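Data first, discussion second: the structure below is written as structure tokens.
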Amino acid sequence: MPTVRLPFTLLFPFKHLPSLRFAAMNPTRRVILAGLAGLSLLAGAACGSDNGTKTTTANRSDCAKGQISGAGSTFQQNIEQQWIKDYRVTCTGAQINYQGTGSGAGIEQFGAGTIDFAGSDVTMKPAEQAKADTRCGSKAIHVPVTAGGIAVMYNVKGLSALNLPAKTLSGIFQGKIKKWNDPAIAADNPGSLPATTIAAYHRSDGSGTTKVFSGFLDANAGGDWKLGVDKQLNWTGGQGAKGSDGVTAGVKQTDGAITYVEVSFAKANSLPTAKVKGAGADFVPLTSGTVGKFLDTAFTVKGTGNDLGGKIDFKATDGYPISTVSYVIVCEKGKDAAKAELLKAYVSYATGAGQGVAESLGFAALPASIGDKVKATARALS
Amino acid sequence: MTTSSALGTTGVGGARRRGDAIFRGITLGAGLFVLAILAAIAIFLLIRAIPALSQDKGNFFTAKIWDPDGSKVFGIAALAFGTVLSSVLALVIAVPVALGVALFIVEYAPRRLANILGYAVDMLAAVPSVVYGLWAVYFLLTEMIPLQRFLAVHAGWFPLFADPEGKASRYSQSVFAASIILAIMIVPIVAAVSRDVLSQVDPALREAALALGATRWEMIRVAMLPPSRPGLTGAIMLGLGRALGETIAVALVIGATFDISWHILTPGGNTIAANIANRFGESGDLGRSALIASGLVLFAITLAVNLMARAIIYRGGAVERSAAV
Amino acid sequence: MSTAVLPDRKVRGDLSLRTPRLSPLVAVSCAVGALAATAAAFAVTPLAGRAEFVIVAALAMVGAVTGVSWRIEGRRRALNRLVTLGAGAAFALALLPLGAVLAYTISRGLKRFSGDFLTHSMAGIGPLDKAGGAYHAIIGTLEQVGLATVIAVPLGLLVAIYLTEYGRGRLARSLRFFIDVMTGVPSIVAGLFIFAFWVLALHRGFSGFAAALSLAILMLPVIVRTAEEMIRLVPATLREASYALGVAKWRTIISIVLPTALTGITTGVLLAIARVTGETAPLLLTASGNSFIHTDPFSGPQSALPLLVFQQTQSAFNVAIDRAWAGALTLILIVVLLYVSARLLTRRNTLARR
């Protein structure tokens, strides 16, 4: 991490230490240096291994081999890892590498040509699209690969179920609703509420999660939401923490805390999530099914041809309304034939059989309304 | 070389001088190469910062907002303020501790033990910053809440510790948290340099003071501190430099807001380096350029710190130490 | 400062031989008494909390000992005691976080730390899998740091030789100044520079070597400074003896000066290595990261331990968090190994000199 480099002479006073004699290498020194050499040898020797996958079945006929690497969306990281693992079970010899560096960094690196595909929670801006098109020599297209809901996760002693409409959420995250027994919360939650003070955690780093959450509030809080829609906001209340892990740690440690986060964090930490009401009539819990249901009507493709980049209408009335899709960005026609073939096979797998793993990891399968379109696009890659 | 042979120098001497000239040339070349690298870094920062600076719709030096990808309004004011505030606070916490450690090792601990204790303090500097940051998130932040509450309740009259909204007892991701983690990271640096400086004091001075009947503290105050002052100041400046540039540990513990507030216990605060780490992954083109512009400002601040440290040390006449500074 | 003369006669009086001294037993019982009083105060008054207790108790103990000493021994000895206690307390306070960090990392890291962890990569590990390890990251870290050392050490040594042996006047002064400024380059800036210059402009793509370049930028000023001081310490008599024998200056430097300063230079290099081994930000931009074992540092993305730690903590699942702490433990172990080696090298040397 960026630290100010310091002169070590100042750090470690060995003015009194060095030999002032021309010393032949003494035994102790030899032993230590040998030890260090041994360490590097140990690591350098072929005694480590990539985890061998059990190749019980022969490779499928549509297997492609080689190496491709992708980077971008941290939201996708877990499911990408799962797909890579599963893809290699039937197609050994393929090396697919995905690093969650952030959607923005992924798009930049894709445009610069240092990676073969980018993961992104957002569609590219015109300037980025132009750069990516130039890099590809063909059109750079968005392919939706997974969907997911953003959970409203809380940690309040004595509160195991919670209904929150958009207006109340907007009040909580702007610091206007300060106690858990506020009348605004009580209106939707019959029964006794604790008088605990609310501690609202938000992401301190830029995040697609924040963009989806603020997009939902902006559309449904009826003008109460003043902070706009972006990956990072100028928050007026609450507490920032870095990353989903950071906000989760904060919520876990604080009685009365609430945050918005990928649902897998709530599941892994056994923290409850709220039922949410947007433009619809009911409070809806976050499940794989309700996310799919929402996106069925909320997601519309805006791109042309094979480009399936789209938009989410947070005012849609069915399903869980804080939901989004996540894309991979690939070249419609790859320049390197071998890599393009592997990429096609991998994206086809991810958008096909790969959808089955979504729920177990806290994602949702792609909505039925675009499922076939996505598969067709994956097949059309070359 | 002709003149030297005319003067009767042997051929061997000529070769020797040629060898010297070549070797000198190589070392000079290495030096110039390093200068070129630094120049390249500075120019690179400047070039990459220009697009953002020319498109900034706010005032880069006064705006307290950072939105380069959206409204294109962004300014360094809150970041620079937070950077300096957290670093200075870290120094306020770290310097007395570090000087105490240095005095303890040089003056109070038994010689044999002192070396080992010194290594232990140095080890603090060897722990990677990402580990400090994670430790803070999972452990220190929760442990700090009682301390924050204590300060807010019992020292709330002091403006820095004021907690108008009563948040300090619930949240700990604040400038104060950042200062504490920075202090932990710079204590070993300041302590090691100070120890070095203090142990260089002429023993005759110390013995003279003791012989005159001074207590140990009086000896330290009269005989050790005055000649060490420039060196100690330099040590503190180096600690400040390190604190200004620290990234990941600060990014993990700070609330990341864009306001200028003296209430260090209230959640929020931000620094230039932490903001780069927080925003880089999700930034667009202009956003990245803006972050690099902020990096340029940080570069300027650290350069200024370096200049100050050197000025102080040179003025103090400790020219011998200049080799290490 | 020179006005701070020794105490006048009146004050000195209280240091006379007749002034009673505080026996250690009394001092200790004062401290214990203060502790007990604090405990009682916390039990009776509304004061509460662990942090509060530690702070109040510490202040009370120091106050009690100093106060009693003032009554019995006089102001000067009391002040002396206060400073002694303060220095000791500062030392304890400084070691506290070190102990806490190490204890926490070890206790969380040991959960996953094993031979298996050290010899397997993250290839084919799903987000819910317990297996997987840091082998690929250890390889990456050793290769990247090794290459950075190979680049930075000779270059740094040459610059140090120039500064000590040849450099005079304005050029040497400004070179020394700018190397100091270079110590202030934040590591993410070094990473950005290599990303723009090597990865993009020269189209070399991500690689362990690119990471090594950015680490070398960070190591360089440290090595120059350490080596410079070590070379300066070589006594002039050695050089003069060599010159007197008719040896050329450059040969003297290579065969007399450098070997003499070698141990110190080695220590400096090891410490510089220990410092960059934990860098994360420049690696994200240059090596990018990889789940597979990638032994070729010159092309293709490669992992490193700090990257592994950073990425594993981002996951929701405890299996990943455990791996992150085991990775942190591995990182600390490598750094400690280097540090201890450096210390042993130099300590051996101190003994030799005595």
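Chains: A, B, ... in order of the structure tokens. Residues: from 1 per chain. Ligands: from 1, in order shown.
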
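For Phe23 of chain B, the list of residues within 12 Å, based on only C-alpha atoms and with local chain neighbours fewer than 6 positions off taken out, reads Arg16, Arg17, Gly29 and Ala30 of chain B; Leu158, Val159, Ile161, Tyr162, Glu165, Tyr166, Ala248, Lys249, Trp250, Arg251, Thr252, Ile253 and Ile254 of chain C.
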
Mind writing the picked residues with C-alpha atoms as a PDB file, in the first residue's frame?
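After the write, again.pdb holds the following:
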ATOM      1  CA  ARG B  16      44.128   2.559 -14.045  1.00  0.00           C
ATOM      2  CA  ARG B  17      42.858   6.018 -14.715  1.00  0.00           C
ATOM      3  CA  GLY B  29      24.966   6.845 -15.004  1.00  0.00           C
ATOM      4  CA  ALA B  30      23.162   4.835 -12.315  1.00  0.00           C
TER       5      ALA B  30
ATOM      6  CA  LEU C 158      26.164   1.931  -7.869  1.00  0.00           C
ATOM      7  CA  VAL C 159      24.310   5.079  -6.858  1.00  0.00           C
ATOM      8  CA  ILE C 161      29.123   4.323  -4.565  1.00  0.00           C
ATOM      9  CA  TYR C 162      28.742   7.444  -6.645  1.00  0.00           C
ATOM     10  CA  GLU C 165      33.184   7.942  -3.542  1.00  0.00           C
ATOM     11  CA  TYR C 166      32.764  10.305  -6.460  1.00  0.00           C
ATOM     12  CA  ALA C 248      43.251   1.730  -8.611  1.00  0.00           C
ATOM     13  CA  LYS C 249      40.349   3.483  -6.933  1.00  0.00           C
ATOM     14  CA  TRP C 250      37.679   1.442  -8.689  1.00  0.00           C
ATOM     15  CA  ARG C 251      39.416  -1.792  -7.755  1.00  0.00           C
ATOM     16  CA  THR C 252      39.753  -0.606  -4.196  1.00  0.00           C
ATOM     17  CA  ILE C 253      36.045   0.062  -4.080  1.00  0.00           C
ATOM     18  CA  ILE C 254      35.120  -3.318  -5.511  1.00  0.00           C
TER      19      ILE C 254
END

Within 12 Å of segment 187-192 of chain A, counting only C-alpha atoms, which residues show up once you throw out same-chain ones fewer than 3 positions away? Write them as a list in words, please.
Lys157, Gly158, Leu159, Ser160, Ala161, Leu162, Asn163, Leu164, Pro165, Ala166, Lys167, Thr168, Leu169, Trp180, Asn181, Asp182, Pro183, Ala184, Ala195, Thr196, Ala274, Lys275, Val276, Lys277, Asp282 and Phe283 of chain A

Just to be explicit: take each residue in the selection above, keep N, CA and C atoms, and write the result as a PDB file, in the first residue's frame.
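Once written, selection_33.pdb looks like this:
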ATOM      1  N   LYS A 157     -31.220  -6.354  18.744  1.00  0.00           N
ATOM      2  CA  LYS A 157     -31.641  -7.323  19.759  1.00  0.00           C
ATOM      3  C   LYS A 157     -33.160  -7.322  19.876  1.00  0.00           C
ATOM      4  N   GLY A 158     -33.748  -8.499  19.820  1.00  0.00           N
ATOM      5  CA  GLY A 158     -35.192  -8.603  19.991  1.00  0.00           C
ATOM      6  C   GLY A 158     -35.982  -8.287  18.741  1.00  0.00           C
ATOM      7  N   LEU A 159     -35.318  -8.260  17.592  1.00  0.00           N
ATOM      8  CA  LEU A 159     -36.035  -7.968  16.360  1.00  0.00           C
ATOM      9  C   LEU A 159     -35.624  -9.009  15.310  1.00  0.00           C
ATOM     10  N   SER A 160     -36.561  -9.912  14.977  1.00  0.00           N
ATOM     11  CA  SER A 160     -36.172 -10.974  14.046  1.00  0.00           C
ATOM     12  C   SER A 160     -36.912 -10.844  12.720  1.00  0.00           C
ATOM     13  N   ALA A 161     -37.907  -9.969  12.661  1.00  0.00           N
ATOM     14  CA  ALA A 161     -38.589  -9.731  11.393  1.00  0.00           C
ATOM     15  C   ALA A 161     -38.795  -8.239  11.254  1.00  0.00           C
ATOM     16  N   LEU A 162     -38.674  -7.754  10.033  1.00  0.00           N
ATOM     17  CA  LEU A 162     -38.724  -6.308   9.841  1.00  0.00           C
ATOM     18  C   LEU A 162     -39.284  -6.010   8.454  1.00  0.00           C
ATOM     19  N   ASN A 163     -40.231  -5.088   8.408  1.00  0.00           N
ATOM     20  CA  ASN A 163     -40.769  -4.628   7.125  1.00  0.00           C
ATOM     21  C   ASN A 163     -40.335  -3.196   6.896  1.00  0.00           C
ATOM     22  N   LEU A 164     -39.723  -2.929   5.769  1.00  0.00           N
ATOM     23  CA  LEU A 164     -39.279  -1.565   5.505  1.00  0.00           C
ATOM     24  C   LEU A 164     -39.704  -1.109   4.115  1.00  0.00           C
ATOM     25  N   PRO A 165     -40.528  -0.075   4.033  1.00  0.00           N
ATOM     26  CA  PRO A 165     -40.809   0.524   2.731  1.00  0.00           C
ATOM     27  C   PRO A 165     -39.690   1.482   2.341  1.00  0.00           C
ATOM     28  N   ALA A 166     -39.641   1.843   1.072  1.00  0.00           N
ATOM     29  CA  ALA A 166     -38.551   2.681   0.563  1.00  0.00           C
ATOM     30  C   ALA A 166     -38.427   3.989   1.338  1.00  0.00           C
ATOM     31  N   LYS A 167     -39.562   4.594   1.658  1.00  0.00           N
ATOM     32  CA  LYS A 167     -39.540   5.890   2.342  1.00  0.00           C
ATOM     33  C   LYS A 167     -38.830   5.789   3.693  1.00  0.00           C
ATOM     34  N   THR A 168     -39.169   4.741   4.445  1.00  0.00           N
ATOM     35  CA  THR A 168     -38.544   4.556   5.760  1.00  0.00           C
ATOM     36  C   THR A 168     -37.046   4.289   5.607  1.00  0.00           C
ATOM     37  N   LEU A 169     -36.683   3.443   4.639  1.00  0.00           N
ATOM     38  CA  LEU A 169     -35.264   3.161   4.392  1.00  0.00           C
ATOM     39  C   LEU A 169     -34.512   4.446   4.082  1.00  0.00           C
ATOM     40  N   TRP A 180     -35.083   2.850  16.705  1.00  0.00           N
ATOM     41  CA  TRP A 180     -35.797   1.723  16.113  1.00  0.00           C
ATOM     42  C   TRP A 180     -37.288   1.757  16.434  1.00  0.00           C
ATOM     43  N   ASN A 181     -37.699   2.484  17.498  1.00  0.00           N
ATOM     44  CA  ASN A 181     -39.132   2.556  17.786  1.00  0.00           C
ATOM     45  C   ASN A 181     -39.782   3.824  17.223  1.00  0.00           C
ATOM     46  N   ASP A 182     -39.129   4.406  16.220  1.00  0.00           N
ATOM     47  CA  ASP A 182     -39.693   5.575  15.540  1.00  0.00           C
ATOM     48  C   ASP A 182     -41.067   5.201  14.955  1.00  0.00           C
ATOM     49  N   PRO A 183     -42.035   6.135  15.029  1.00  0.00           N
ATOM     50  CA  PRO A 183     -43.377   5.832  14.499  1.00  0.00           C
ATOM     51  C   PRO A 183     -43.354   5.365  13.040  1.00  0.00           C
ATOM     52  N   ALA A 184     -42.420   5.912  12.249  1.00  0.00           N
ATOM     53  CA  ALA A 184     -42.356   5.533  10.835  1.00  0.00           C
ATOM     54  C   ALA A 184     -42.079   4.034  10.690  1.00  0.00           C
ATOM     55  N   ALA A 195     -36.002   0.519  21.799  1.00  0.00           N
ATOM     56  CA  ALA A 195     -35.704   1.948  21.682  1.00  0.00           C
ATOM     57  C   ALA A 195     -34.254   2.195  21.273  1.00  0.00           C
ATOM     58  N   THR A 196     -33.586   1.129  20.785  1.00  0.00           N
ATOM     59  CA  THR A 196     -32.178   1.249  20.396  1.00  0.00           C
ATOM     60  C   THR A 196     -31.979   2.334  19.344  1.00  0.00           C
ATOM     61  N   ALA A 274     -34.356  -7.660   6.011  1.00  0.00           N
ATOM     62  CA  ALA A 274     -35.698  -7.080   6.065  1.00  0.00           C
ATOM     63  C   ALA A 274     -36.489  -7.420   4.809  1.00  0.00           C
ATOM     64  N   LYS A 275     -37.820  -7.445   4.957  1.00  0.00           N
ATOM     65  CA  LYS A 275     -38.688  -7.487   3.779  1.00  0.00           C
ATOM     66  C   LYS A 275     -38.850  -6.052   3.311  1.00  0.00           C
ATOM     67  N   VAL A 276     -38.805  -5.866   2.000  1.00  0.00           N
ATOM     68  CA  VAL A 276     -38.758  -4.512   1.467  1.00  0.00           C
ATOM     69  C   VAL A 276     -39.959  -4.265   0.552  1.00  0.00           C
ATOM     70  N   LYS A 277     -40.467  -3.021   0.596  1.00  0.00           N
ATOM     71  CA  LYS A 277     -41.553  -2.650  -0.311  1.00  0.00           C
ATOM     72  C   LYS A 277     -41.117  -1.469  -1.161  1.00  0.00           C
ATOM     73  N   ASP A 282     -46.780  -5.110  -1.636  1.00  0.00           N
ATOM     74  CA  ASP A 282     -46.432  -5.970  -0.507  1.00  0.00           C
ATOM     75  C   ASP A 282     -44.976  -5.819  -0.086  1.00  0.00           C
ATOM     76  N   PHE A 283     -44.735  -6.258   1.159  1.00  0.00           N
ATOM     77  CA  PHE A 283     -43.354  -6.391   1.621  1.00  0.00           C
ATOM     78  C   PHE A 283     -42.839  -7.730   1.119  1.00  0.00           C
TER      79      PHE A 283
END

Using DSSP on the backbone, list every residue of segment 122-195 of chain A that comes out as helix (DSSP H, G or I), and give them as a ChimeraX atom specification.
/A:126-136,166-173,183-186

Include C-alpha atoms and write out the residues we just selected as a PDB file, in the first residue's frame.
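selection-v5.pdb was written with the following content:
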ATOM      1  CA  PRO A 126     -19.962   5.955 -24.530  1.00  0.00           C
ATOM      2  CA  ALA A 127     -16.281   6.853 -24.231  1.00  0.00           C
ATOM      3  CA  GLU A 128     -15.498   3.518 -22.584  1.00  0.00           C
ATOM      4  CA  GLN A 129     -17.548   1.697 -25.222  1.00  0.00           C
ATOM      5  CA  ALA A 130     -15.575   3.398 -27.981  1.00  0.00           C
ATOM      6  CA  LYS A 131     -12.280   2.398 -26.387  1.00  0.00           C
ATOM      7  CA  ALA A 132     -13.460  -1.182 -25.937  1.00  0.00           C
ATOM      8  CA  ASP A 133     -14.693  -1.364 -29.548  1.00  0.00           C
ATOM      9  CA  THR A 134     -11.312  -0.180 -30.807  1.00  0.00           C
ATOM     10  CA  ARG A 135      -9.561  -2.768 -28.691  1.00  0.00           C
ATOM     11  CA  CYS A 136     -11.803  -5.546 -29.999  1.00  0.00           C
ATOM     12  CA  ALA A 166     -38.551   2.681   0.563  1.00  0.00           C
ATOM     13  CA  LYS A 167     -39.540   5.890   2.342  1.00  0.00           C
ATOM     14  CA  THR A 168     -38.544   4.556   5.760  1.00  0.00           C
ATOM     15  CA  LEU A 169     -35.264   3.161   4.392  1.00  0.00           C
ATOM     16  CA  SER A 170     -34.494   6.534   2.893  1.00  0.00           C
ATOM     17  CA  GLY A 171     -35.147   8.176   6.274  1.00  0.00           C
ATOM     18  CA  ILE A 172     -32.920   5.688   8.077  1.00  0.00           C
ATOM     19  CA  PHE A 173     -29.974   6.029   5.704  1.00  0.00           C
ATOM     20  CA  PRO A 183     -43.377   5.832  14.499  1.00  0.00           C
ATOM     21  CA  ALA A 184     -42.356   5.533  10.835  1.00  0.00           C
ATOM     22  CA  ILE A 185     -40.928   2.063  11.509  1.00  0.00           C
ATOM     23  CA  ALA A 186     -43.706   1.133  13.922  1.00  0.00           C
TER      24      ALA A 186
END

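Each of B:Val201, B:Ala77, B:Ala42, B:Leu117 was compared to Gly231 of chain B using only C-alpha atoms, and B:Val201 turns out to be the nearest.
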
Spatial neighbours of Phe178 of chain C, max dist 10 Å, only C-alpha atoms, sep filter under 2 positions, as a list of chain:residue names
B:Val34, B:Leu35, B:Leu38, B:Ala39, B:Leu303, B:Asn306, C:Ala172, C:Arg173, C:Ser174, C:Leu175, C:Arg176, C:Asp180, C:Val181, C:Met182, C:Thr183, C:Gly184, C:Pro221

Exercise: Ser54 of chain B partners within 12 Å, only C-alpha atoms, chain neighbours under 2 positions left out, as a VMD selection string
chain B and resid 46 to 52 56 to 60 68 72 to 74 286 289 to 290 293

Residues within 9 Å of Gly237 of chain A, please, as a ChimeraX atom specification. Count only C-alpha atoms; anything in the same chain fewer than 2 positions from it doesn't count.
/A:172-176,200,235,239 /B:267

Please provide as number ranges by chain all residues within 12 Å of Asp259 of chain B, with the sequence filter that same-chain residues fewer than 3 positions apart are discarded (counting only C-alpha atoms).
A: 234-237; B: 62-66, 75-82, 175, 255-256, 262-264, 266-271

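When only C-alpha atoms are used to compute distances to chain C, the closest of the residues A:Ser103, A:Thr297, A:Asn78, A:Thr351 turns out to be A:Asn78.
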
Write out as a PyMOL selection string the residues lying within 12 Å of segment 105-116 of chain C, counting only C-alpha atoms and excluding same-chain residues fewer than 6 positions away.
(chain A and resi 47-51) or (chain B and resi 127-128+130-136+138-139) or (chain C and resi 97-99+122+130-135+309+318-333)

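Take the candidates C:Glu52, C:Gly86, C:Pro154, C:Glu279 and check each one against Gln148 of chain B using only C-alpha atoms; the shortest distance goes to C:Glu52.
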